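Reviewing the structure listed below.
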Amino acid sequence: MDEMLVHMENGERTYSRGKTPVAAVVSATCTIMPGDRIALMGPSGSGKSTLLHLIGGLDSLTSGRLTWPALGARETLRPAKVGLVFQMPSLLAPLTVVENVEIPLLLGSGSADKARAAALDALERTGLRSIADKLPEELSGGQAQRVAVARALASHPRLLLADEPTGQLDSATARHLFDVLLESLRGTDTALVVATHDKVVAERLNTVWHMQHGILEVAA
Amino acid sequence: MLTILWLKGLFAYRSGRLLGAIVGVALTVALLASIGVFIASSSATMTRRAAADVPVDWQVQLSPGVDASGIANAIGKSTAYTALEQVGYASTAGFSANAGGTLQTTGPGKVVGLSPNYRQHFPTELRLLIGSLDGVLVAQQTASNLHVTIGDTVTIQRVGLPPVKVIVGGVVDLPNADSLFQAVGVPAGASPQAPPDNVLILPDTQWRQVFDPQIAVRPDSVRMQFHVRITRNLPADPNTAFVYVQQMANNLEARVAGSALVGNNLAARLDSVRKDSLYALVLFLFLGIPGAILAMLLTMAVAASGVERRRQEQALLRTRGAATSQLLRLAALEAMIVGVGGVALGIAIASIAAGTITSVGLFASITSIIWTANASLVGLILAVVAVLYPAWLQARNSTVMAARAVVGRGRKPIWQRVYLDVILLVVSAIIFWRTASTGYQVVLAPEGVPQTSVAYETFLAPLCLWVGVALLAMRLCGGGLEHGRRVLASMLRPIAKKLSGIVSASLGRQYVRLARGIVLVALAFSFATSTAVFNTTYNAQARVDAVLTNGADVTVTGSTAFAPGSMLSQLKALPGATVVQPMQHRFAYVGNDLQDMYGIDPARISDVTSMSNAFFANGDAQATLAALAMRPDGVLVSQETATNYQLAVGDQINLRLLSASDHQYHAVKFHFLGVVREFPTAPKDSFLVANASYIAQQTGSSAAEIVLIHTTANPADLAIQVRNVVSALAGARVTDIGTTQKIIGSSLTSVDLRGLTSLELTFAILLLAGATGLILALGLAERRRTFALLAALGAKRNQLGAFLWSEGAVIQISGGIIGIALGFGIAQMLVTILTGVFDPPPEVLAIPWVYLVVMTLAAIASMVAAVLSTQIASRRPVVEALRDL
Ligand SMILES: Nc1ncnc2c1ncn2[C@@H]1O[C@H](COP(=O)(O)OP(=O)(O)OP(=O)(O)O)[C@@H](O)[C@H]1O
Ligand SMILES: [Mg+2]
């Protein structure tokens with residue numbers, strides 16, 4: 001099964017902040033294949049963000065097994081193989097939209113010119129070409145999240161992890177953003193995992209995972 | 001309750017910033033308080049040295065026929081004294097002596113009567129060359145004119161009476177003849193009377209026998225004086241001391257109602273150092289104030305670096321129900337902690353500095369107590385302005401501030417719109433031009449007048465330059481960063497590589513913060529540079545001044561009869577004596593005026609002592625000496641002589657020199673070559689410089705009365721060896737430059753700037769390090785966010801570093817270049833404005849290479865340390881950093 005992008009078995013992540021340890025992910029077993037469209041649902045504090053961080057290689061397991069058979073070692077996942085959209089506003093204030101989008105490309109192996117071209121292309125695909133030279137402080141919340149999506153897409157990752165990308169937006173804006181996301185992934189085999197509270201969003205994806213108190217339930 | 005909670009938070013989470021602000025206040029207070037100590041210490045030293053220099057404090061001259069004991073009583077009532085001696089001065093028609101079969105005679109002279117105690121009470125008036133001080137003494141010049149020595153007989157031609165014969169018991173030098181024979185009662189500013197050419201000194205009983213009859217016949221030919229040494233409990237400040245001594249003398253003159261006049265040597269001496277003490281004051285202010293301003297700016301920057309945190313805190317406290325007044329009370333408490341802590345620490349630093357660097361304690365003089373009190377006040381105000389004021393601003397409009405902090409787009413600040421920077425530079429230029437072009441005196445202390453004045457407005461020239469360049473730099477750096485991103489990117493490529501584009505874009509958009517940082521670093525650099533350059537120049541000049549007075553590193557002075565020039569080969573053999581050269585010191589009549597004449601070897605004199613261009617009226621030492629070498633009978637004269645005789649270059653001038661064969665003065669032809677203003681060992685008034693070979697040929701004596709020695713070893717040590725070599729020569733004196741430098745009491749160059757400058761140079765490095773570290777701390781909140789995001793997006797450690805190193809390099813390099821250039825500019829300005837301090841003025845700035853290198857290394861080291869510690873501080877697990885977004 002070399003095709004597997006991610007494979008997790010009995011994953012557990014416990015934080016030991018203060019005296020009482022907090023188990024953010026208690027037990028998680030899952031596999032992500034190319035072209036998967038997964039919605040990750042669960043109440044606040046159930047461990048969705050933690051799970052995405054683990055899958056994205058930002059964090060590591062306390063116990064259990066986590067591998068990326070088709071992607072390689074954990075250190076090589078970012079900036080190019082995995083694209084990330086964060087729950088919080090995540091644009092760098094002193095950089096323009098296009099500069100923000102090209103960051104992952106510049107951190108990777110290509111040249112500066114190629115990075116700029118790819119960034120403009122990503123903006124084109126997400127319909128943001130016209131605001132390429134604006135600063136984050138001049139954008140609306142929806143625009144800012146779309147830029148974050150464009151940034152995650154710019155390196156053509158094989159896995160896109162989006163943590164409540166629409167969490168702070170009104171529902172109309174949120175759905176529009178989601179349309180953009182799905183539209184730009186159409187026809188690619190990039191796998192997508194979206195953490196969301198939004199049932200409507202979840203229904204548009206072919207798989208739904210549920211999380212409750214750190215336990216992941218993967219529908220068969 | 002809230003207060004205690006908040007205080008706990010203050011010490012736990014903001015201890016760094018709190019400590020930074022306290023240290024900033026402390027440095028400000030310490031610098032200001034130390035300035036006070038240095039001013040107090042230097043004026044006390046000046047007064048003490050000046051007073052110590054005076055051979056006789058008062059010469060009270062009695063009107064003819066007045067009862068001496070009455071005057072002595074009156075003196076006792078006007079001042080406490082430690083010595084009182086009656087001295088008789090009798091004029092004579094001349095002296096004669098029979099030497100080796102020929103009769104030598106002199107013109108009119110003076111005979112002084114001194115009691116046996118006189119030389120104990122006033123030890124610097126007489127210096128014994130040969131014989132004993134107990135009998136009849138002949139002044140050196142007179143002995144040489146009459147060609148007499150111990151045991152010979154001299155005939156005194158009394159006025160209106162038959163001559164008297166006395167037998168010579170010793171030959172003396174009268175080092176203070178000018179004041180000893182001064183005309184008492186002549187108004188200040190009148191041209192001083194030259195001392196008599198021929199002087200004889202008799203024990204007072206013998207003087208009475210010889211001259212009491214002359215008083216009876218010609219009362220006008222004899223004068224009586226009281227020489228007084230007053231009790232030395234003088235005020236520390238030269239000006240106050242001057243007024244004090246002057247008033248005592250006035251009191252005496254009023255008391256005796258015209259029957260005696262006071263020749264107030266002590267007041268005259270103090271008068272002459274008043275100006276120097278004011279210059280010292282100005283110097284300390286010029287050098288010290290910028291440091292204090294810089295420390296204040298840093299304190300404010302430290303306090304301001306907490307703006308974001310404080311905003312959050314205030315919001316939090318508000319949600320817990322704190323009112324604005326309560327928030328302000330908490331900020332006031334913080335200001336108080338900073339203020340009181342800073343002042344206490346500052347006073348502690350200043351008193352340690354005072355103890356180690358000066359002889360005066362922090363609380364030992366009124367001046368320094370006042371300065372310390374004012375410094376403390378400034379420290380408290382600074383704490384309030386730095387801490388309380390921004391908190392107040394924030395409490396009033398709590399949200400507006402934060403939005404502007406990161407990216408500087410928006411309206412230009414008011415100073416840019418009104419071109420304050422350009423205005424300040426123009427003001428500076430105008431003040432400087434006015435000061436420099438008109439030979440304007442910064443300090444005025446007219447002779448004899450108690451009032452003094454300092455043109456404090458000249459301070460504005462360097463101050464405006466400083467602030468103006470700072471603002472201009474802020475404008476240009478801001479503009480450059482904002483618009484010159486492409487250039488910046490290419491400059492950053494070595495550090496940031498592929499990221500150089502977005503790094504320069506990021507830095508360029510934070511131009512406000514960066515420009516502030518650059519300016520702060522530039523000011524720290526300029527402060528350190530200007531202080532160091534001025535200090536080095538000052539020290540070099542103090543050396544030139546000491547060389548001028550002493551002649552060379554080590555100088556031997558003697559007489560024609562016992563010429564040190566005869567020991568040349570022994571002196572040359574001494575280890576450490578690198579260059580040894582003889583110089584003649586004779587006397588020559590220019591008309592009726594007897595002047596010092598120096599015979600030199602113009603081709604080689606500059607090997608042994610420094611020949612400054614300022615010594616010569618044409619401003620070219622090399623050309624003048626070359627001209628003298630070309631023309632054997634050439635002579636350099638003083639400006640006064642050249643004017644009096646309306647001399648043009650090439651004119652013949654006849655001088656009368658003492659011939660070795662017949663001991664008579666004979667006319668010798670010279671040709672005028674130029675005007676000499678100053679010369680090593682020469683007096684401040686008129687003198688002559690000519691070729692030694694020509695003088696030797698014309699006088700029949702090649703004796704060199706002075707030997708100049710240049711050494712690369714310690715001059716004081718060499719002087720000891722030299723003293724051994726010349727011990728056989730009667731009256732030979734050996735002086736070294738270090739000792740001379742300490743003795744030149746009148747000269748400002750004796751003010752030891754070392755204390756202040758070493759303190760300042762240390763502070764400057766601290767400030768520089770502080771400024772650099774601070775800059776990186778200033779944008780910490782924004783930087784944390786940037787780092788977390790970049791790390792989450794997959795940046796490696798060195799890629800994160802690119803942002804920090806680029807920022808550090810931009811700030812440090814631009815700040816360094818601007819600062820060092822500005823520092824040299826300020827130093828040049830100070831040297832020009834304070835020309836009066838220097839005698840002669842320096843030709844070029846001396847460059848303190850070592851300090852500049854140390855300073856730059858310290859700055860680089862602190863930048864590296866700041867970057868590394870920021871890197872370490874922001875090395876957190878990515879997920880944790882993300883939670884803080
Ligand atoms: N770095 C950490 N240190 C300590 N506890 C943590 C850390 N990260 C997460 N937690 C805890 O783990 C639990 C799961 O958090 P997580 O952010 O994954 O939930 P979530 O499902 O994403 O919630 P939300 O829908 O509100 O975003 C929470 O109780 C949280 O407090
Ligand atoms: Mg979450």
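Labels for the structure tokens follow display order: chains A, B, ..., residues from 1 in each chain, ligands from 1.
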
- [ ] When you get a sec, could you note down which chain B residues fall within 10 Å of chain A, using only C-alpha atoms, as JSON, numbers by chain?
- [x] {"B": [403, 406, 407, 408, 497, 498, 499, 500, 501, 502, 503, 504, 505, 506, 507, 508, 509, 510, 782, 783, 785, 786, 787, 788, 789, 790, 791, 792, 793, 794, 795, 796, 799, 800, 877, 878, 879, 880, 882, 883, 884, 885]}

- [ ] Per DSSP on the backbone, filter segment 568-740 of chain B down to the residues in alpha helix (DSSP H) and report them as a ChimeraX atom specification.
- [x] /B:568-573,605-608,621-630,639-644,692-699,715-726,737-740

Contact table chain A vs ligand 2, cut-off 10 Å, shortest pair per residue, only C-alpha atoms and all ligand atoms, as JSON lines:
{"residue": "A:Gly42", "atom": "CA", "partner": "ligand 2", "partner_atom_place_in_ligand_line": "1 (Mg)", "distance": 9.6}
{"residue": "A:Pro43", "atom": "CA", "partner": "ligand 2", "partner_atom_place_in_ligand_line": "1 (Mg)", "distance": 9.3}
{"residue": "A:Ser44", "atom": "CA", "partner": "ligand 2", "partner_atom_place_in_ligand_line": "1 (Mg)", "distance": 6.9}
{"residue": "A:Gly45", "atom": "CA", "partner": "ligand 2", "partner_atom_place_in_ligand_line": "1 (Mg)", "distance": 6.9}
{"residue": "A:Ser46", "atom": "CA", "partner": "ligand 2", "partner_atom_place_in_ligand_line": "1 (Mg)", "distance": 8.2}
{"residue": "A:Gly47", "atom": "CA", "partner": "ligand 2", "partner_atom_place_in_ligand_line": "1 (Mg)", "distance": 6.9}
{"residue": "A:Lys48", "atom": "CA", "partner": "ligand 2", "partner_atom_place_in_ligand_line": "1 (Mg)", "distance": 5.5}
{"residue": "A:Ser49", "atom": "CA", "partner": "ligand 2", "partner_atom_place_in_ligand_line": "1 (Mg)", "distance": 4.0}
{"residue": "A:Thr50", "atom": "CA", "partner": "ligand 2", "partner_atom_place_in_ligand_line": "1 (Mg)", "distance": 7.2}
{"residue": "A:Leu51", "atom": "CA", "partner": "ligand 2", "partner_atom_place_in_ligand_line": "1 (Mg)", "distance": 9.2}
{"residue": "A:Leu52", "atom": "CA", "partner": "ligand 2", "partner_atom_place_in_ligand_line": "1 (Mg)", "distance": 8.9}
{"residue": "A:His53", "atom": "CA", "partner": "ligand 2", "partner_atom_place_in_ligand_line": "1 (Mg)", "distance": 9.8}
{"residue": "A:Phe86", "atom": "CA", "partner": "ligand 2", "partner_atom_place_in_ligand_line": "1 (Mg)", "distance": 8.9}
{"residue": "A:Gln87", "atom": "CA", "partner": "ligand 2", "partner_atom_place_in_ligand_line": "1 (Mg)", "distance": 6.5}
{"residue": "A:Met88", "atom": "CA", "partner": "ligand 2", "partner_atom_place_in_ligand_line": "1 (Mg)", "distance": 9.2}
{"residue": "A:Asp163", "atom": "CA", "partner": "ligand 2", "partner_atom_place_in_ligand_line": "1 (Mg)", "distance": 6.5}
{"residue": "A:Glu164", "atom": "CA", "partner": "ligand 2", "partner_atom_place_in_ligand_line": "1 (Mg)", "distance": 7.0}
{"residue": "A:Gly167", "atom": "CA", "partner": "ligand 2", "partner_atom_place_in_ligand_line": "1 (Mg)", "distance": 9.4}
{"residue": "A:Ala195", "atom": "CA", "partner": "ligand 2", "partner_atom_place_in_ligand_line": "1 (Mg)", "distance": 7.6}
{"residue": "A:Thr196", "atom": "CA", "partner": "ligand 2", "partner_atom_place_in_ligand_line": "1 (Mg)", "distance": 8.8}

TODO: Select from segment 119-214 of chain A everything DSSP, run on the backbone, classes as strand (DSSP E or B), then give the selection as an NGL selection string.
DONE: :A and (159-163 or 191-195 or 207-212)

Task: Interatomic distance, atom CA of His483 of chain B to atom CA of Ala866 of chain B (Å, one decimal) - done: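 Atom CA of Ala866 of chain B lies at a distance of 27.4 Å from atom CA of His483 of chain B.
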
- [ ] List the neighbours of segment 29-36 of chain A out to 6 Å using only C-alpha atoms; skip same-chain residues closer than 6 positions along the sequence, and give me the result as a PyMOL selection string.
- [x] chain A and resi 4-10+189-191

Write out, as a compact mmCIF listing (two decimals), in the first residue's frame, the residues just selected, with N, CA and C atoms.
# COMPACT_ATOMS: atom_id res chain seq x y z
N MET A 4 -0.62 5.01 0.21
CA MET A 4 -1.09 5.73 1.39
C MET A 4 -0.29 7.01 1.62
N LEU A 5 -1.03 8.13 1.77
CA LEU A 5 -0.33 9.37 2.11
C LEU A 5 0.01 9.39 3.59
N VAL A 6 -0.98 9.06 4.41
CA VAL A 6 -0.79 9.08 5.86
C VAL A 6 -1.35 7.80 6.44
N HIS A 7 -0.62 7.27 7.41
CA HIS A 7 -1.16 6.11 8.11
C HIS A 7 -0.90 6.26 9.60
N MET A 8 -1.99 6.26 10.41
CA MET A 8 -1.84 6.41 11.86
C MET A 8 -2.49 5.23 12.55
N GLU A 9 -1.74 4.68 13.56
CA GLU A 9 -2.29 3.56 14.32
C GLU A 9 -2.21 3.89 15.80
N ASN A 10 -3.37 3.84 16.47
CA ASN A 10 -3.45 4.10 17.91
C ASN A 10 -2.70 5.36 18.34
N ASP A 189 -5.27 14.94 -7.62
CA ASP A 189 -5.45 13.88 -6.64
C ASP A 189 -4.94 14.32 -5.27
N THR A 190 -4.91 15.61 -5.07
CA THR A 190 -4.54 16.14 -3.76
C THR A 190 -5.60 15.75 -2.73
N ALA A 191 -5.12 15.17 -1.63
CA ALA A 191 -6.07 14.80 -0.58
C ALA A 191 -6.39 16.02 0.26

TODO: For Leu317 of chain B, work out the shell of residues within 9 Å, counting only C-alpha atoms and skipping chain neighbours fewer than 5 positions away, then give it as a ChimeraX atom specification.
DONE: /B:2,312,322-323,327

Keeping only N, CA and C atoms, write those residues as a compact mmCIF listing (two decimals), in the first residue's frame.
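So the final result, stored in selection-v7.txt, reads:
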# COMPACT_ATOMS: atom_id res chain seq x y z
N LEU B 2 -6.01 44.19 43.85
CA LEU B 2 -5.65 44.30 42.44
C LEU B 2 -4.19 44.76 42.30
N GLN B 312 -2.67 45.06 26.20
CA GLN B 312 -3.36 43.83 26.57
C GLN B 312 -3.71 43.82 28.06
N ALA B 322 -11.56 47.35 36.30
CA ALA B 322 -10.72 48.46 36.73
C ALA B 322 -11.11 49.72 35.97
N ALA B 323 -11.17 50.83 36.69
CA ALA B 323 -11.50 52.11 36.04
C ALA B 323 -10.21 52.75 35.52
N LEU B 327 -6.24 52.31 36.59
CA LEU B 327 -5.16 51.93 35.67
C LEU B 327 -4.01 52.92 35.79

Open item on the list: List the spatial neighbours of Arg656 of chain B as a PyMOL selection string - criterion: any atom at most 12 Å away, only C-alpha atoms, same-chain residues fewer than 6 positions off excluded.
Closed with: chain B and resi 586-597+663-670+695+698-699

Would you save the residues from that selection as an mmCIF file, in the first residue's frame, using N, CA and C atoms?
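This went into result-v8.cif:
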data_model
loop_
_atom_site.group_PDB
_atom_site.id
_atom_site.type_symbol
_atom_site.label_atom_id
_atom_site.label_comp_id
_atom_site.auth_asym_id
_atom_site.auth_seq_id
_atom_site.Cartn_x
_atom_site.Cartn_y
_atom_site.Cartn_z
ATOM 1 N N ARG B 586 70.315 82.387 25.013
ATOM 2 C CA ARG B 586 71.073 83.584 25.375
ATOM 3 C C ARG B 586 70.103 84.733 25.552
ATOM 4 N N PHE B 587 70.671 85.925 25.737
ATOM 5 C CA PHE B 587 69.847 87.130 25.791
ATOM 6 C C PHE B 587 70.383 88.114 24.781
ATOM 7 N N ALA B 588 69.480 88.871 24.169
ATOM 8 C CA ALA B 588 69.927 89.848 23.180
ATOM 9 C C ALA B 588 69.102 91.116 23.337
ATOM 10 N N TYR B 589 69.764 92.247 23.160
ATOM 11 C CA TYR B 589 69.041 93.516 23.207
ATOM 12 C C TYR B 589 68.430 93.797 21.850
ATOM 13 N N VAL B 590 67.108 94.021 21.854
ATOM 14 C CA VAL B 590 66.449 94.539 20.655
ATOM 15 C C VAL B 590 66.140 95.982 21.021
ATOM 16 N N GLY B 591 66.939 96.915 20.530
ATOM 17 C CA GLY B 591 66.846 98.285 21.046
ATOM 18 C C GLY B 591 67.239 98.245 22.513
ATOM 19 N N ASN B 592 66.315 98.726 23.410
ATOM 20 C CA ASN B 592 66.633 98.703 24.825
ATOM 21 C C ASN B 592 66.015 97.521 25.539
ATOM 22 N N ASP B 593 65.370 96.680 24.751
ATOM 23 C CA ASP B 593 64.611 95.586 25.343
ATOM 24 C C ASP B 593 65.440 94.301 25.321
ATOM 25 N N LEU B 594 65.675 93.739 26.506
ATOM 26 C CA LEU B 594 66.438 92.493 26.574
ATOM 27 C C LEU B 594 65.493 91.318 26.365
ATOM 28 N N GLN B 595 65.761 90.531 25.338
ATOM 29 C CA GLN B 595 64.871 89.416 25.038
ATOM 30 C C GLN B 595 65.609 88.079 25.094
ATOM 31 N N ASP B 596 64.831 87.011 25.338
ATOM 32 C CA ASP B 596 65.397 85.660 25.284
ATOM 33 C C ASP B 596 65.718 85.333 23.843
ATOM 34 N N MET B 597 66.869 84.719 23.629
ATOM 35 C CA MET B 597 67.229 84.334 22.271
ATOM 36 C C MET B 597 67.586 82.849 22.232
ATOM 37 N N HIS B 663 82.971 90.146 27.577
ATOM 38 C CA HIS B 663 81.791 90.276 28.441
ATOM 39 C C HIS B 663 81.037 91.569 28.214
ATOM 40 N N GLN B 664 81.081 92.066 27.016
ATOM 41 C CA GLN B 664 80.324 93.265 26.656
ATOM 42 C C GLN B 664 79.306 92.893 25.584
ATOM 43 N N TYR B 665 78.225 93.700 25.540
ATOM 44 C CA TYR B 665 77.243 93.485 24.477
ATOM 45 C C TYR B 665 77.705 94.177 23.202
ATOM 46 N N HIS B 666 77.716 93.458 22.106
ATOM 47 C CA HIS B 666 78.114 94.032 20.819
ATOM 48 C C HIS B 666 77.023 93.825 19.804
ATOM 49 N N ALA B 667 76.913 94.778 18.877
ATOM 50 C CA ALA B 667 75.889 94.662 17.832
ATOM 51 C C ALA B 667 76.250 93.539 16.864
ATOM 52 N N VAL B 668 75.248 92.742 16.509
ATOM 53 C CA VAL B 668 75.433 91.665 15.532
ATOM 54 C C VAL B 668 74.334 91.822 14.471
ATOM 55 N N LYS B 669 74.739 91.692 13.189
ATOM 56 C CA LYS B 669 73.763 91.835 12.104
ATOM 57 C C LYS B 669 72.952 90.545 11.925
ATOM 58 N N PHE B 670 71.620 90.701 11.863
ATOM 59 C CA PHE B 670 70.739 89.579 11.529
ATOM 60 C C PHE B 670 69.829 90.002 10.387
ATOM 61 N N ILE B 695 75.184 82.272 16.045
ATOM 62 C CA ILE B 695 75.312 82.889 17.368
ATOM 63 C C ILE B 695 76.663 82.513 17.971
ATOM 64 N N GLN B 698 79.416 84.510 16.293
ATOM 65 C CA GLN B 698 79.402 85.938 16.596
ATOM 66 C C GLN B 698 79.747 86.235 18.053
ATOM 67 N N THR B 699 79.423 85.319 18.989
ATOM 68 C CA THR B 699 79.677 85.602 20.401
ATOM 69 C C THR B 699 80.948 84.937 20.892
#

Open item on the list: What's the separation between atom CA of Ser661 of chain B and atom CA of Pro564 of chain B, in Å to one decimal place?
Closed with: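 So the answer is 20.1 Å.
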
Task: Atom-to-atom span, atom CA of Val159 of chain B and atom CA of Ala194 of chain B, Å - done: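 Straight-line distance from atom CA of Val159 of chain B to atom CA of Ala194 of chain B works out to 21.0 Å.
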
Task: Residue contacts of segment 849-851 of chain B (9 Å, only C-alpha atoms) excluding same-chain residues fewer than 5 positions away, as a ChimeraX atom specification - done: /B:528-529,532,761,856

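Comparing B:Arg876, B:Asp545, B:Val172, B:Phe672 by their smallest distance to ligand 1, the closest is B:Arg876 (using only C-alpha atoms and all ligand atoms).
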
For segment 556-563 of chain B, work out the shell of residues within 8 Å, counting only C-alpha atoms and skipping chain neighbours fewer than 5 positions away, then give it as a short mmCIF file (atom, residue, chain, number, x, y, z; two decimals) with C-alpha atoms, in the first residue's frame.
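Output saved as result.cif:
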data_model
loop_
_atom_site.label_atom_id
_atom_site.label_comp_id
_atom_site.auth_asym_id
_atom_site.auth_seq_id
_atom_site.Cartn_x
_atom_site.Cartn_y
_atom_site.Cartn_z
CA ARG B 586 71.07 83.58 25.38
CA ALA B 703 77.88 76.86 24.85
CA ALA B 704 74.38 75.37 24.72
CA GLU B 705 72.39 76.30 27.81
CA ILE B 706 69.61 73.84 27.03
CA VAL B 707 69.67 70.19 26.00
CA LEU B 708 66.51 68.64 24.60
CA LEU B 729 76.83 71.29 36.62
CA ALA B 730 75.91 74.05 39.05
CA GLY B 731 72.31 75.16 38.65
CA ALA B 732 71.43 72.65 35.97
CA ARG B 733 67.75 71.68 36.10
CA VAL B 734 66.20 68.56 34.61
CA THR B 735 62.50 68.52 33.85
#

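With only C-alpha atoms as the atoms that count, the minimum distance from Pro21 of chain A to the choices A:Thr67, A:Ser130, A:Thr62, A:Gln143 is reached by A:Thr62.
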
Using 10 Å as the limit and counting only C-alpha atoms, can you tabulate each residue of segment 210-244 of chain B that touches segment 271-276 of chain B, with its shortest atom-to-atom distance in Å and the two atoms involved, as JSON lines?
{"residue": "B:Asp237", "atom": "CA", "partner": "B:Arg274", "partner_atom": "CA", "distance": 8.4}
{"residue": "B:Pro238", "atom": "CA", "partner": "B:Arg274", "partner_atom": "CA", "distance": 5.4}
{"residue": "B:Asn239", "atom": "CA", "partner": "B:Arg274", "partner_atom": "CA", "distance": 5.4}
{"residue": "B:Thr240", "atom": "CA", "partner": "B:Arg274", "partner_atom": "CA", "distance": 9.1}
{"residue": "B:Ala241", "atom": "CA", "partner": "B:Asp271", "partner_atom": "CA", "distance": 9.0}
{"residue": "B:Phe242", "atom": "CA", "partner": "B:Asp271", "partner_atom": "CA", "distance": 6.0}
{"residue": "B:Val243", "atom": "CA", "partner": "B:Asp271", "partner_atom": "CA", "distance": 8.9}

Task: Top pick for closest residue to ligand 1, considering A:Arg175, A:Arg186, A:His197, A:Arg146 and counting only C-alpha atoms and all ligand atoms - done: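 Counting only C-alpha atoms and all ligand atoms, the residue closest to ligand 1 is A:His197.
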